[in-house]
file entry-v8.csv (CSV, C-alpha atoms)
chain,number,residue,atom,x,y,z
A,1,MET,CA,-16.3,-122.0,109.3
A,2,LEU,CA,-13.9,-124.8,108.4
A,3,ILE,CA,-15.0,-128.5,108.3
A,4,SER,CA,-12.4,-131.2,107.9
A,5,GLY,CA,-13.7,-134.2,106.0
A,6,ALA,CA,-16.0,-134.5,102.9
A,7,SER,CA,-17.3,-138.0,103.4
A,8,ILE,CA,-20.7,-138.0,105.2
A,9,ALA,CA,-20.8,-135.9,108.3
A,10,GLY,CA,-18.8,-133.0,106.8
A,11,PRO,CA,-21.1,-132.3,103.8
A,12,ALA,CA,-24.2,-132.9,105.9
A,13,LEU,CA,-23.0,-130.2,108.4
A,14,ALA,CA,-22.1,-127.9,105.6
A,15,TYR,CA,-25.6,-128.2,104.1
A,16,TRP,CA,-27.3,-127.2,107.4
A,17,LEU,CA,-24.8,-124.4,108.1
A,18,ALA,CA,-25.3,-122.9,104.7
A,19,ARG,CA,-29.1,-123.2,105.1
A,20,TYR,CA,-28.8,-121.1,108.4
A,21,GLY,CA,-26.7,-118.4,106.7
A,22,TYR,CA,-23.1,-119.6,107.4
A,23,ARG,CA,-20.4,-119.8,104.8
A,24,PRO,CA,-18.8,-123.2,105.3
A,25,THR,CA,-15.5,-124.4,103.8
A,26,VAL,CA,-14.8,-128.2,103.6
A,27,VAL,CA,-11.2,-129.5,103.3
A,28,GLU,CA,-10.7,-133.1,102.2
A,29,LEU,CA,-7.5,-135.1,101.9
A,30,ALA,CA,-8.7,-137.2,98.9
A,31,PRO,CA,-8.3,-135.5,95.5
A,32,ALA,CA,-12.1,-136.1,94.9
A,33,LEU,CA,-15.1,-137.7,96.4
A,34,ARG,CA,-14.4,-141.3,97.1
A,35,GLY,CA,-16.1,-144.0,95.1
A,36,GLY,CA,-16.8,-147.6,95.9
A,37,GLY,CA,-17.1,-148.5,99.6
A,38,PHE,CA,-19.7,-150.4,101.5
A,39,ALA,CA,-23.4,-149.9,101.6
A,40,VAL,CA,-24.6,-147.9,104.6
A,41,ASP,CA,-28.1,-148.0,106.2
A,42,PHE,CA,-30.6,-145.9,108.0
A,43,ARG,CA,-33.0,-147.3,110.5
A,44,GLY,CA,-35.5,-145.7,112.8
A,45,GLU,CA,-37.5,-142.5,112.8
A,46,ALA,CA,-34.6,-140.2,113.9
A,47,HIS,CA,-32.5,-141.0,110.9
A,48,LEU,CA,-35.5,-140.7,108.5
A,49,THR,CA,-36.6,-137.5,110.1
A,50,VAL,CA,-33.3,-135.8,109.5
A,51,LEU,CA,-33.2,-136.9,105.9
A,52,ARG,CA,-36.8,-135.7,105.4
A,53,ARG,CA,-36.0,-132.3,106.9
A,54,MET,CA,-33.0,-132.1,104.5
A,55,GLY,CA,-35.3,-132.7,101.6
A,56,LEU,CA,-33.2,-135.7,100.7
A,57,LEU,CA,-35.3,-138.7,101.7
A,58,ASP,CA,-37.0,-139.2,98.3
A,59,LYS,CA,-33.8,-138.8,96.4
A,60,LEU,CA,-32.1,-141.4,98.6
A,61,LYS,CA,-34.9,-143.8,98.0
A,62,GLN,CA,-34.2,-143.6,94.3
A,63,HIS,CA,-30.7,-145.0,95.0
A,64,ARG,CA,-31.6,-147.6,97.6
A,65,THR,CA,-30.0,-151.0,97.3
A,66,ASP,CA,-32.7,-152.9,99.4
A,67,GLY,CA,-29.9,-155.0,100.9
A,68,THR,CA,-28.7,-158.4,100.0
A,69,PRO,CA,-29.6,-161.6,101.7
A,70,MET,CA,-26.5,-163.6,102.9
A,71,THR,CA,-26.1,-167.4,103.0
A,72,PHE,CA,-23.5,-168.7,105.4
A,73,ILE,CA,-21.9,-171.9,104.1
A,74,ASP,CA,-19.4,-174.6,105.3
A,75,ALA,CA,-16.2,-175.6,103.6
A,76,GLN,CA,-18.2,-177.7,101.1
A,77,GLY,CA,-20.5,-174.9,100.1
A,78,HIS,CA,-23.5,-176.2,102.0
A,79,GLN,CA,-25.8,-173.7,103.8
A,80,VAL,CA,-25.5,-173.5,107.6
A,81,ALA,CA,-27.3,-170.3,108.3
A,82,ALA,CA,-28.9,-167.3,106.5
A,83,LEU,CA,-29.2,-163.6,107.1
A,84,PRO,CA,-32.2,-161.8,105.5
A,85,SER,CA,-31.6,-158.6,103.6
A,86,GLU,CA,-33.4,-156.4,106.1
A,87,PHE,CA,-30.9,-157.3,108.8
A,88,ALA,CA,-28.2,-155.2,107.1
A,89,ALA,CA,-30.4,-152.8,105.1
A,90,GLY,CA,-32.5,-151.4,107.9
A,91,ASP,CA,-35.3,-149.0,106.7
A,92,MET,CA,-33.1,-147.9,103.8
A,93,GLU,CA,-29.7,-149.0,102.5
A,94,ILE,CA,-27.6,-147.0,100.0
A,95,LEU,CA,-24.0,-147.2,98.7
A,96,ARG,CA,-21.7,-144.9,100.7
A,97,SER,CA,-20.4,-143.4,97.4
A,98,ASP,CA,-24.0,-142.6,96.3
A,99,LEU,CA,-24.8,-141.0,99.6
A,100,SER,CA,-21.6,-138.9,99.5
A,101,GLN,CA,-22.4,-137.7,96.0
A,102,LEU,CA,-25.9,-136.8,96.9
A,103,LEU,CA,-24.8,-134.9,100.0
A,104,TYR,CA,-22.1,-133.0,98.0
A,105,ALA,CA,-24.6,-132.0,95.4
A,106,HIS,CA,-27.1,-131.0,98.1
A,107,THR,CA,-24.6,-128.5,99.5
A,108,HIS,CA,-24.7,-126.7,96.2
A,109,THR,CA,-28.4,-126.1,96.3
A,110,GLN,CA,-28.0,-123.3,98.8
A,111,THR,CA,-27.8,-119.6,98.0
A,112,THR,CA,-24.2,-119.6,99.2
A,113,PRO,CA,-22.6,-122.9,97.9
A,114,THR,CA,-20.1,-124.6,100.1
A,115,GLU,CA,-16.4,-124.1,99.3
A,116,TYR,CA,-14.5,-127.4,98.9
A,117,LEU,CA,-10.7,-127.8,99.1
A,118,PHE,CA,-9.9,-131.3,97.8
A,119,GLY,CA,-6.4,-132.9,98.0
A,120,ASP,CA,-5.4,-131.0,101.1
A,121,SER,CA,-5.2,-131.4,104.8
A,122,LEU,CA,-4.6,-129.4,108.0
A,123,THR,CA,-1.1,-129.1,109.4
A,124,SER,CA,-1.7,-126.8,112.4
A,125,LEU,CA,-4.5,-125.1,114.4
A,126,THR,CA,-3.8,-122.0,116.5
A,127,GLU,CA,-6.6,-120.4,118.4
A,128,THR,CA,-6.7,-116.6,118.6
A,129,THR,CA,-9.0,-114.3,120.4
A,130,ASP,CA,-11.5,-114.2,117.5
A,131,GLY,CA,-10.8,-117.3,115.4
A,132,VAL,CA,-8.6,-120.3,114.6
A,133,HIS,CA,-5.6,-119.8,112.4
A,134,VAL,CA,-5.2,-122.8,110.2
A,135,THR,CA,-2.3,-123.9,108.0
A,136,PHE,CA,-2.7,-126.5,105.2
A,137,GLU,CA,-0.4,-128.8,103.3
A,138,ARG,CA,-1.1,-127.0,100.1
A,139,ALA,CA,-3.5,-124.0,100.5
A,140,ALA,CA,-2.4,-120.7,102.0
A,141,PRO,CA,-3.0,-120.2,105.7
A,142,ARG,CA,-6.4,-118.8,106.7
A,143,THR,CA,-8.3,-117.9,109.8
A,144,PHE,CA,-11.8,-119.3,110.5
A,145,ASP,CA,-14.4,-118.5,113.2
A,146,LEU,CA,-14.7,-122.2,114.1
A,147,VAL,CA,-13.2,-125.6,113.1
A,148,ILE,CA,-15.1,-128.8,113.0
A,149,GLY,CA,-13.4,-132.2,112.7
A,150,ALA,CA,-15.6,-134.5,110.7
A,151,ASP,CA,-12.6,-136.5,109.4
A,152,GLY,CA,-13.3,-140.0,110.8
A,153,LEU,CA,-11.7,-142.5,113.0
A,154,HIS,CA,-8.1,-141.2,112.3
A,155,SER,CA,-9.1,-137.6,112.6
A,156,THR,CA,-6.4,-135.0,111.9
A,157,VAL,CA,-8.4,-132.3,113.8
A,158,ARG,CA,-8.7,-134.5,116.9
A,159,ARG,CA,-4.9,-135.1,116.8
A,160,LEU,CA,-4.0,-131.4,116.4
A,161,ALA,CA,-6.5,-130.0,118.9
A,162,PHE,CA,-7.1,-132.8,121.4
A,163,GLY,CA,-4.1,-135.1,121.4
A,164,PRO,CA,-2.7,-138.3,120.0
A,165,GLU,CA,-5.0,-141.0,118.6
A,166,SER,CA,-3.9,-143.5,121.1
A,167,SER,CA,-5.6,-141.4,123.8
A,168,PHE,CA,-9.0,-141.8,122.3
A,169,VAL,CA,-9.2,-144.9,120.0
A,170,SER,CA,-9.6,-148.4,121.5
A,171,HIS,CA,-9.0,-151.5,119.4
A,172,LEU,CA,-11.9,-153.9,119.8
A,173,GLY,CA,-10.0,-157.0,118.7
A,174,TYR,CA,-10.9,-157.3,115.0
A,175,TYR,CA,-10.1,-155.9,111.6
A,176,VAL,CA,-12.4,-155.3,108.6
A,177,ALA,CA,-11.5,-155.2,104.9
A,178,GLY,CA,-13.4,-154.9,101.7
A,179,TRP,CA,-12.5,-154.6,98.0
A,180,ASP,CA,-14.0,-155.0,94.5
A,181,LEU,CA,-13.1,-158.2,92.7
A,182,PRO,CA,-11.0,-157.5,89.6
A,183,THR,CA,-12.3,-158.5,86.2
A,184,SER,CA,-9.8,-161.4,86.2
A,185,ALA,CA,-11.6,-163.1,89.0
A,186,ALA,CA,-13.5,-166.4,88.2
A,187,PRO,CA,-17.0,-165.5,86.9
A,188,ASP,CA,-18.7,-167.8,89.3
A,189,LEU,CA,-16.9,-166.5,92.4
A,190,ALA,CA,-19.6,-163.9,93.2
A,191,ALA,CA,-22.5,-165.7,91.6
A,192,ARG,CA,-24.4,-165.7,94.9
A,193,ALA,CA,-23.9,-163.8,98.2
A,194,VAL,CA,-22.2,-166.2,100.6
A,195,GLY,CA,-20.2,-166.0,103.7
A,196,TYR,CA,-17.7,-168.5,105.0
A,197,ASN,CA,-16.7,-168.6,108.6
A,198,GLU,CA,-13.9,-170.3,110.6
A,199,PRO,CA,-13.3,-169.4,114.2
A,200,GLY,CA,-12.1,-165.8,114.3
A,201,ARG,CA,-12.5,-165.0,110.7
A,202,LEU,CA,-15.2,-164.4,108.0
A,203,ILE,CA,-14.9,-163.8,104.3
A,204,THR,CA,-17.9,-163.0,102.1
A,205,VAL,CA,-18.4,-162.5,98.4
A,206,GLY,CA,-21.4,-161.3,96.3
A,207,GLN,CA,-22.8,-158.6,94.1
A,208,VAL,CA,-24.8,-155.5,94.8
A,209,PRO,CA,-27.5,-155.4,92.1
A,210,ARG,CA,-27.4,-151.6,91.9
A,211,ARG,CA,-23.8,-151.8,90.7
A,212,ALA,CA,-24.5,-154.4,88.0
A,213,THR,CA,-24.4,-151.8,85.2
A,214,GLU,CA,-20.8,-150.6,86.1
A,215,ALA,CA,-18.5,-151.7,83.3
A,216,SER,CA,-15.8,-153.2,85.5
A,217,TYR,CA,-17.9,-154.4,88.4
A,218,ASN,CA,-17.4,-158.1,89.1
A,219,GLY,CA,-18.6,-158.4,92.7
A,220,GLU,CA,-17.0,-157.6,96.0
A,221,THR,CA,-15.4,-159.2,99.0
A,222,PHE,CA,-15.8,-158.3,102.7
A,223,CYS,CA,-13.7,-159.7,105.5
A,224,VAL,CA,-13.6,-159.6,109.3
A,225,PHE,CA,-10.9,-161.3,111.3
A,226,ALA,CA,-9.8,-161.4,114.9
A,227,SER,CA,-6.4,-159.9,115.7
A,228,ASP,CA,-4.4,-158.0,118.3
A,229,PRO,CA,-3.4,-154.5,117.0
A,230,LEU,CA,-1.2,-154.9,113.9
A,231,ALA,CA,2.0,-153.0,113.4
A,232,TYR,CA,1.8,-151.9,109.8
A,233,ASP,CA,1.8,-148.6,107.8
A,234,ARG,CA,-1.9,-147.7,107.1
A,235,ARG,CA,-0.8,-145.6,104.2
A,236,ASP,CA,1.0,-148.5,102.5
A,237,PRO,CA,-1.4,-150.6,100.4
A,238,HIS,CA,1.1,-153.4,100.1
A,239,ALA,CA,1.4,-153.7,103.8
A,240,SER,CA,-2.4,-153.8,104.2
A,241,ARG,CA,-2.7,-156.5,101.6
A,242,ARG,CA,0.1,-158.5,103.2
A,243,ALA,CA,-1.6,-158.3,106.7
A,244,ILE,CA,-5.0,-159.5,105.3
A,245,ALA,CA,-3.4,-162.4,103.3
A,246,GLN,CA,-1.5,-163.6,106.4
A,247,ALA,CA,-4.7,-163.5,108.5
A,248,TYR,CA,-6.4,-165.9,106.0
A,249,GLU,CA,-3.5,-168.4,105.5
A,250,GLY,CA,-4.8,-172.0,105.5
A,251,ALA,CA,-8.5,-171.1,105.4
A,252,GLY,CA,-10.9,-173.4,103.6
A,253,TRP,CA,-13.6,-173.2,101.0
A,254,ARG,CA,-12.4,-170.8,98.1
A,255,THR,CA,-10.8,-168.4,100.5
A,256,THR,CA,-7.3,-168.6,98.9
A,257,GLU,CA,-8.9,-167.8,95.5
A,258,LEU,CA,-10.6,-164.7,97.0
A,259,ILE,CA,-7.5,-163.5,98.8
A,260,GLU,CA,-5.5,-163.7,95.6
A,261,THR,CA,-7.8,-161.0,94.1
A,262,LEU,CA,-6.4,-158.6,96.7
A,263,TRP,CA,-3.3,-158.1,94.7
A,264,ASN,CA,-5.1,-156.9,91.6
A,265,THR,CA,-7.6,-154.5,93.2
A,266,ASP,CA,-7.3,-150.7,93.4
A,267,ASP,CA,-9.9,-149.8,96.0
A,268,LEU,CA,-9.0,-151.7,99.1
A,269,TYR,CA,-10.5,-150.6,102.4
A,270,PHE,CA,-8.8,-151.9,105.5
A,271,ASP,CA,-9.0,-150.8,109.1
A,272,SER,CA,-9.4,-151.9,112.7
A,273,ILE,CA,-12.7,-152.3,114.4
A,274,SER,CA,-12.2,-149.6,117.0
A,275,ARG,CA,-14.2,-147.4,119.3
A,276,VAL,CA,-13.6,-143.6,119.8
A,277,ASP,CA,-14.2,-142.1,123.2
A,278,VAL,CA,-13.4,-138.4,123.6
A,279,PRO,CA,-14.2,-137.0,127.1
A,280,THR,CA,-15.3,-133.7,125.7
A,281,TRP,CA,-16.1,-133.1,122.0
A,282,SER,CA,-15.0,-129.5,121.9
A,283,THR,CA,-12.1,-127.3,123.0
A,284,GLY,CA,-12.3,-123.6,122.5
A,285,ARG,CA,-13.4,-122.9,118.9
A,286,THR,CA,-12.8,-126.5,117.7
A,287,ALA,CA,-15.3,-129.4,117.9
A,288,LEU,CA,-15.6,-133.0,116.7
A,289,LEU,CA,-18.4,-134.6,114.8
A,290,GLY,CA,-19.3,-138.1,113.7
A,291,ASP,CA,-16.6,-140.9,113.9
A,292,ALA,CA,-14.0,-138.4,115.0
A,293,ALA,CA,-16.0,-137.9,118.2
A,294,HIS,CA,-17.7,-141.2,118.7
A,295,GLY,CA,-16.9,-143.7,116.0
A,296,ALA,CA,-17.4,-147.5,116.3
A,297,THR,CA,-16.1,-148.5,112.7
A,298,VAL,CA,-18.8,-151.2,112.0
A,299,GLY,CA,-22.1,-151.9,113.7
A,300,GLY,CA,-22.3,-148.6,115.7
A,301,MET,CA,-24.9,-146.9,113.4
A,302,GLY,CA,-22.2,-144.4,112.5
A,303,THR,CA,-23.7,-143.1,109.3
A,304,GLY,CA,-27.1,-142.4,110.8
A,305,SER,CA,-25.5,-140.9,113.9
A,306,ALA,CA,-23.3,-138.7,111.8
A,307,LEU,CA,-26.3,-137.2,110.0
A,308,VAL,CA,-28.2,-136.7,113.3
A,309,GLY,CA,-25.1,-135.1,114.8
A,310,ALA,CA,-24.6,-132.7,111.9
A,311,TYR,CA,-28.3,-131.7,112.2
A,312,VAL,CA,-28.0,-131.1,116.0
A,313,LEU,CA,-24.7,-129.3,115.8
A,314,ALA,CA,-25.8,-126.9,113.1
A,315,GLY,CA,-29.1,-126.3,114.8
A,316,GLU,CA,-27.5,-125.5,118.1
A,317,LEU,CA,-24.9,-123.2,116.5
A,318,ALA,CA,-27.7,-121.3,114.7
A,319,LEU,CA,-29.9,-121.0,117.9
A,320,ALA,CA,-26.9,-119.8,119.9
A,321,THR,CA,-26.4,-116.8,117.5
A,322,GLY,CA,-22.6,-116.8,117.7
A,323,ASP,CA,-22.1,-118.2,121.2
A,324,HIS,CA,-20.1,-121.3,120.2
A,325,HIS,CA,-19.4,-122.3,123.8
A,326,GLN,CA,-23.1,-122.6,124.5
A,327,ALA,CA,-23.8,-124.3,121.2
A,328,PHE,CA,-21.1,-126.9,121.6
A,329,ALA,CA,-22.2,-127.7,125.1
A,330,ARG,CA,-25.9,-128.2,124.1
A,331,TYR,CA,-24.8,-130.3,121.1
A,332,GLU,CA,-22.9,-132.7,123.2
A,333,GLN,CA,-25.5,-132.7,126.0
A,334,ARG,CA,-28.2,-133.6,123.5
A,335,LEU,CA,-26.3,-136.1,121.4
A,336,ARG,CA,-23.8,-138.0,123.7
A,337,PRO,CA,-26.3,-140.3,125.4
A,338,TYR,CA,-27.8,-141.3,122.1
A,339,VAL,CA,-24.5,-142.0,120.3
A,340,THR,CA,-23.1,-143.9,123.3
A,341,ARG,CA,-26.0,-146.3,123.1
A,342,CYS,CA,-25.5,-146.6,119.3
A,343,GLN,CA,-21.7,-147.3,119.8
A,344,GLU,CA,-22.4,-150.3,121.9
A,345,GLY,CA,-23.3,-152.2,118.8
A,346,GLY,CA,-19.8,-151.9,117.6
A,347,ARG,CA,-18.5,-153.8,120.6
A,348,THR,CA,-20.1,-157.0,119.5
A,349,THR,CA,-19.8,-156.6,115.7
A,350,GLY,CA,-16.6,-158.6,115.4
A,351,THR,CA,-17.7,-161.5,117.6
A,352,PHE,CA,-21.0,-161.7,115.8
A,353,LEU,CA,-19.6,-161.7,112.3
A,354,ALA,CA,-16.5,-163.8,113.1
A,355,PRO,CA,-17.1,-165.7,116.4
A,356,PRO,CA,-13.8,-166.6,118.1
A,357,THR,CA,-14.5,-170.3,118.8
A,358,GLN,CA,-16.3,-173.1,117.1
A,359,GLU,CA,-18.8,-173.2,119.9
A,360,ALA,CA,-19.6,-169.5,119.5
A,361,LEU,CA,-19.9,-169.9,115.8
A,362,THR,CA,-22.4,-172.7,116.2
A,363,THR,CA,-24.4,-170.6,118.6
A,364,ARG,CA,-24.3,-167.6,116.2
A,365,ASN,CA,-25.6,-169.8,113.4
A,366,ALA,CA,-28.4,-171.1,115.6
A,367,THR,CA,-29.4,-167.5,116.3
A,368,LEU,CA,-29.5,-166.6,112.6
A,369,ASN,CA,-31.7,-169.6,112.0
A,370,ASN,CA,-34.2,-168.5,114.7
A,371,PRO,CA,-36.7,-166.0,113.2
A,372,ALA,CA,-37.9,-164.9,116.6
A,373,ALA,CA,-34.3,-164.0,117.7
A,374,LEU,CA,-33.7,-162.1,114.4
A,375,THR,CA,-36.9,-160.1,114.9
A,376,ALA,CA,-35.9,-159.2,118.4
A,377,MET,CA,-32.5,-158.0,117.2
A,378,LEU,CA,-34.0,-155.9,114.5
A,379,ARG,CA,-36.5,-154.4,116.9
A,380,ALA,CA,-33.7,-153.5,119.4
A,381,ALA,CA,-31.7,-151.8,116.7
A,382,HIS,CA,-34.7,-149.7,115.6
A,383,GLN,CA,-35.4,-148.7,119.2
A,384,THR,CA,-31.8,-147.6,119.8
A,385,SER,CA,-31.6,-145.6,116.5
A,386,ALA,CA,-34.8,-143.8,117.3
A,387,ALA,CA,-34.1,-142.9,120.9
A,388,ILE,CA,-33.4,-139.2,120.6
A,389,PRO,CA,-35.9,-136.3,120.6
A,390,LEU,CA,-35.1,-134.0,117.8
A,391,PRO,CA,-36.0,-130.3,118.0
A,392,ASP,CA,-37.5,-129.0,114.8
A,393,TYR,CA,-34.6,-126.6,114.1
A,394,PRO,CA,-35.7,-125.6,110.6
A,395,THR,CA,-39.1,-124.4,112.0
A,396,LEU,CA,-37.5,-122.7,115.0
A,397,LEU,CA,-35.1,-120.9,112.7
A,398,ASN,CA,-37.7,-120.2,110.0
A,399,THR,CA,-36.1,-122.3,107.3
A,400,PRO,CA,-38.8,-124.8,106.4
A,401,THR,CA,-38.0,-128.1,104.6
A,402,PRO,CA,-37.4,-127.5,100.9
A,403,HIS,CA,-39.3,-129.4,98.3
A,404,PRO,CA,-37.4,-132.5,97.2
call {"tool": "encode", "arguments": {"input": "entry-v8.csv", "output": "structure tokens"}}
result
Amino acid sequence: MLISGASIAGPALAYWLARYGYRPTVVELAPALRGGGFAVDFRGEAHLTVLRRMGLLDKLKQHRTDGTPMTFIDAQGHQVAALPSEFAAGDMEILRSDLSQLLYAHTHTQTTPTEYLFGDSLTSLTETTDGVHVTFERAAPRTFDLVIGADGLHSTVRRLAFGPESSFVSHLGYYVAGWDLPTSAAPDLAARAVGYNEPGRLITVGQVPRRATEASYNGETFCVFASDPLAYDRRDPHASRRAIAQAYEGAGWRTTELIETLWNTDDLYFDSISRVDVPTWSTGRTALLGDAAHGATVGGMGTGSALVGAYVLAGELALATGDHHQAFARYEQRLRPYVTRCQEGGRTTGTFLAPPTQEALTTRNATLNNPAALTAMLRAAHQTSAAIPLPDYPTLLNTPTPHP
């Protein structure tokens, strides 16, 4: 079985498939596992149950960041609102790069280790009577029983098997960016975790304590800004930097100083806040998983949903004993209502982080300063993330949870 994407959903699926006796192959465009990136969180019993059944929960706890409280300031640096660490961290927060490394290593704990093809990508998919013939940019063509697209918002598998991205991805009116500060940045720039808002744009800076021992780590910046869809080449780092810089022209506080660090960083992340809606997640022998099927970029509980989805998809494939049509249908039937509710959080992420008007910004700050309102928001997020009954596939398939 071929899985496209080695970030989160792909290795998680590979782990479960190998545990149930499959021989997964994972292809990844990047030359190696990606470093850096934002922290991701897990919240609610469904997320924690999957990690526990993987035998990964205790390992992840050793890498947890515990979140970072954020102080929102005005142009003079005075506090106007505050966000407690648990708001972003959920039950457990971990760096995406740490999670990716742990999942990758976990796929090598099986009797049959997962095969990885780094620095490669699919160029065509042709379904035959007994498999899918796949061609690659670099590797020789091969035929696989099934193909799973776990390759994110801009999924290659979705494009090849389902149609153009424009048919499934909706822009939600905002863009998000993040990068590490270069060592040349002012030492006090990330001395505390702060966020500065103007209508339609947010810029934050701070440090993740867990990364403090990294030799070149000087803090990181995160941005969210309102914009209609931008016409730029996503693969061109200079075009991305230029788009971000233009979005923050004339902003107050130390924004200009922060934006200047863009030009000296090597690990820029930049993308739209968008939502993925695919009417059916499978076609023939090909199916979609994670953001490729139901992404929401930021605020849609995408990481937790990806792990839950990988658990359900692998379990249903194993229970179906080769009937992929039945497995894909049950996977979607079980998961779609859950992830649709999770996705709804992505619709409001941009307007919450970067309210479009001064009035909306004032209202948002008042909400952040209201402990009862914050408690209600946290409770609602936990209820949403937990709202899926999970079959105990390992027990049903006689593969009990391994010792951590």
call {"tool": "residues_around", "arguments": {"input": "entry-v8.csv", "residues": "Phe225 of chain A", "least_positions_apart": "3", "cutoff": "6 Å", "atoms": "only C-alpha atoms", "output": "list of chain:residue names"}}
result
A:Tyr174, A:Tyr175, A:Gly200, A:Arg201
call {"tool": "write_last_selection", "arguments": {"input": "entry-v8.csv", "atoms": "C-alpha atoms", "output": "PDB file, in the coordinates of the input"}}
result
ATOM      1  CA  TYR A 174     -10.900-157.300 115.000  1.00  0.00           C
ATOM      2  CA  TYR A 175     -10.100-155.900 111.600  1.00  0.00           C
ATOM      3  CA  GLY A 200     -12.100-165.800 114.300  1.00  0.00           C
ATOM      4  CA  ARG A 201     -12.500-165.000 110.700  1.00  0.00           C
TER       5      ARG A 201
END
call {"tool": "residues_around", "arguments": {"input": "entry-v8.csv", "residues": "segment 149-161 of chain A", "least_positions_apart": "2", "cutoff": "9 Å", "atoms": "only C-alpha atoms", "output": "ChimeraX atom specification"}}
result
/A:2-10,13,28,121-126,147,163-165,169,274-276,283,286-297,306
call {"tool": "closest_atom_pairs", "arguments": {"input": "entry-v8.csv", "of": "segment 123-232 of chain A", "to": "segment 241-249 of chain A", "cutoff": "10 Å", "atoms": "only C-alpha atoms", "output": "Markdown table"}}
result
| residue | atom | partner | partner_atom | distance |
| --- | --- | --- | --- | --- |
| A:Tyr175 | CA | A:Ile244 | CA | 8.9 |
| A:Val176 | CA | A:Ile244 | CA | 9.1 |
| A:Ala177 | CA | A:Ile244 | CA | 7.8 |
| A:Glu198 | CA | A:Tyr248 | CA | 9.8 |
| A:Gly200 | CA | A:Ala247 | CA | 9.7 |
| A:Arg201 | CA | A:Tyr248 | CA | 7.8 |
| A:Leu202 | CA | A:Tyr248 | CA | 9.1 |
| A:Ile203 | CA | A:Tyr248 | CA | 8.9 |
| A:Cys223 | CA | A:Ile244 | CA | 8.7 |
| A:Val224 | CA | A:Ile244 | CA | 9.5 |
| A:Phe225 | CA | A:Ala247 | CA | 7.1 |
| A:Ala226 | CA | A:Ala247 | CA | 8.4 |
| A:Ser227 | CA | A:Ala247 | CA | 8.2 |
| A:Leu230 | CA | A:Ala243 | CA | 8.0 |
| A:Ala231 | CA | A:Ala243 | CA | 9.3 |
| A:Tyr232 | CA | A:Ala243 | CA | 7.9 |
call {"tool": "atom_distance", "arguments": {"input": "entry-v8.csv", "atom1": "atom CA of Tyr15 of chain A", "atom2": "atom CA of Leu317 of chain A"}}
result
13.4 Å
call {"tool": "atom_distance", "arguments": {"input": "entry-v8.csv", "atom1": "atom CA of Val80 of chain A", "atom2": "atom CA of Gly178 of chain A"}}
result
23.0 Å
call {"tool": "atom_distance", "arguments": {"input": "entry-v8.csv", "atom1": "atom CA of Pro141 of chain A", "atom2": "atom CA of Pro24 of chain A"}}
result
16.1 Å
call {"tool": "residues_around", "arguments": {"input": "entry-v8.csv", "residues": "Leu258 of chain A", "least_positions_apart": "5", "cutoff": "9 Å", "atoms": "only C-alpha atoms", "output": "list in words"}}
result
Leu181, Ala185, Leu189, Ile203, Val205 and Thr221 of chain A
call {"tool": "closest_residue", "arguments": {"input": "entry-v8.csv", "among": "A:Pro279, A:Pro199, A:Pro113, A:Gly67", "to": "Met92 of chain A", "atoms": "all atoms listed in the file"}}
result
A:Gly67
call {"tool": "closest_atom_pairs", "arguments": {"input": "entry-v8.csv", "of": "segment 13-73 of chain A", "to": "segment 319-330 of chain A", "cutoff": "12 Å", "atoms": "only C-alpha atoms", "output": "JSON lines"}}
result
{"residue": "A:Leu17", "atom": "CA", "partner": "A:Leu319", "partner_atom": "CA", "distance": 11.6}
{"residue": "A:Tyr20", "atom": "CA", "partner": "A:Leu319", "partner_atom": "CA", "distance": 9.6}
{"residue": "A:Gly21", "atom": "CA", "partner": "A:Thr321", "partner_atom": "CA", "distance": 10.9}
{"residue": "A:Tyr22", "atom": "CA", "partner": "A:Gly322", "partner_atom": "CA", "distance": 10.7}
call {"tool": "closest_residue", "arguments": {"input": "entry-v8.csv", "among": "A:Thr395, A:Thr129, A:Thr261, A:Ser282", "to": "Pro182 of chain A", "atoms": "only C-alpha atoms"}}
result
A:Thr261
call {"tool": "closest_residue", "arguments": {"input": "entry-v8.csv", "among": "A:Arg19, A:His382, A:Arg235, A:Lys61", "to": "Thr107 of chain A", "atoms": "all atoms listed in the file"}}
result
A:Arg19
call {"tool": "closest_residue", "arguments": {"input": "entry-v8.csv", "among": "A:His108, A:Ala18, A:Val27, A:Pro11", "to": "Glu137 of chain A", "atoms": "only C-alpha atoms"}}
result
A:Val27
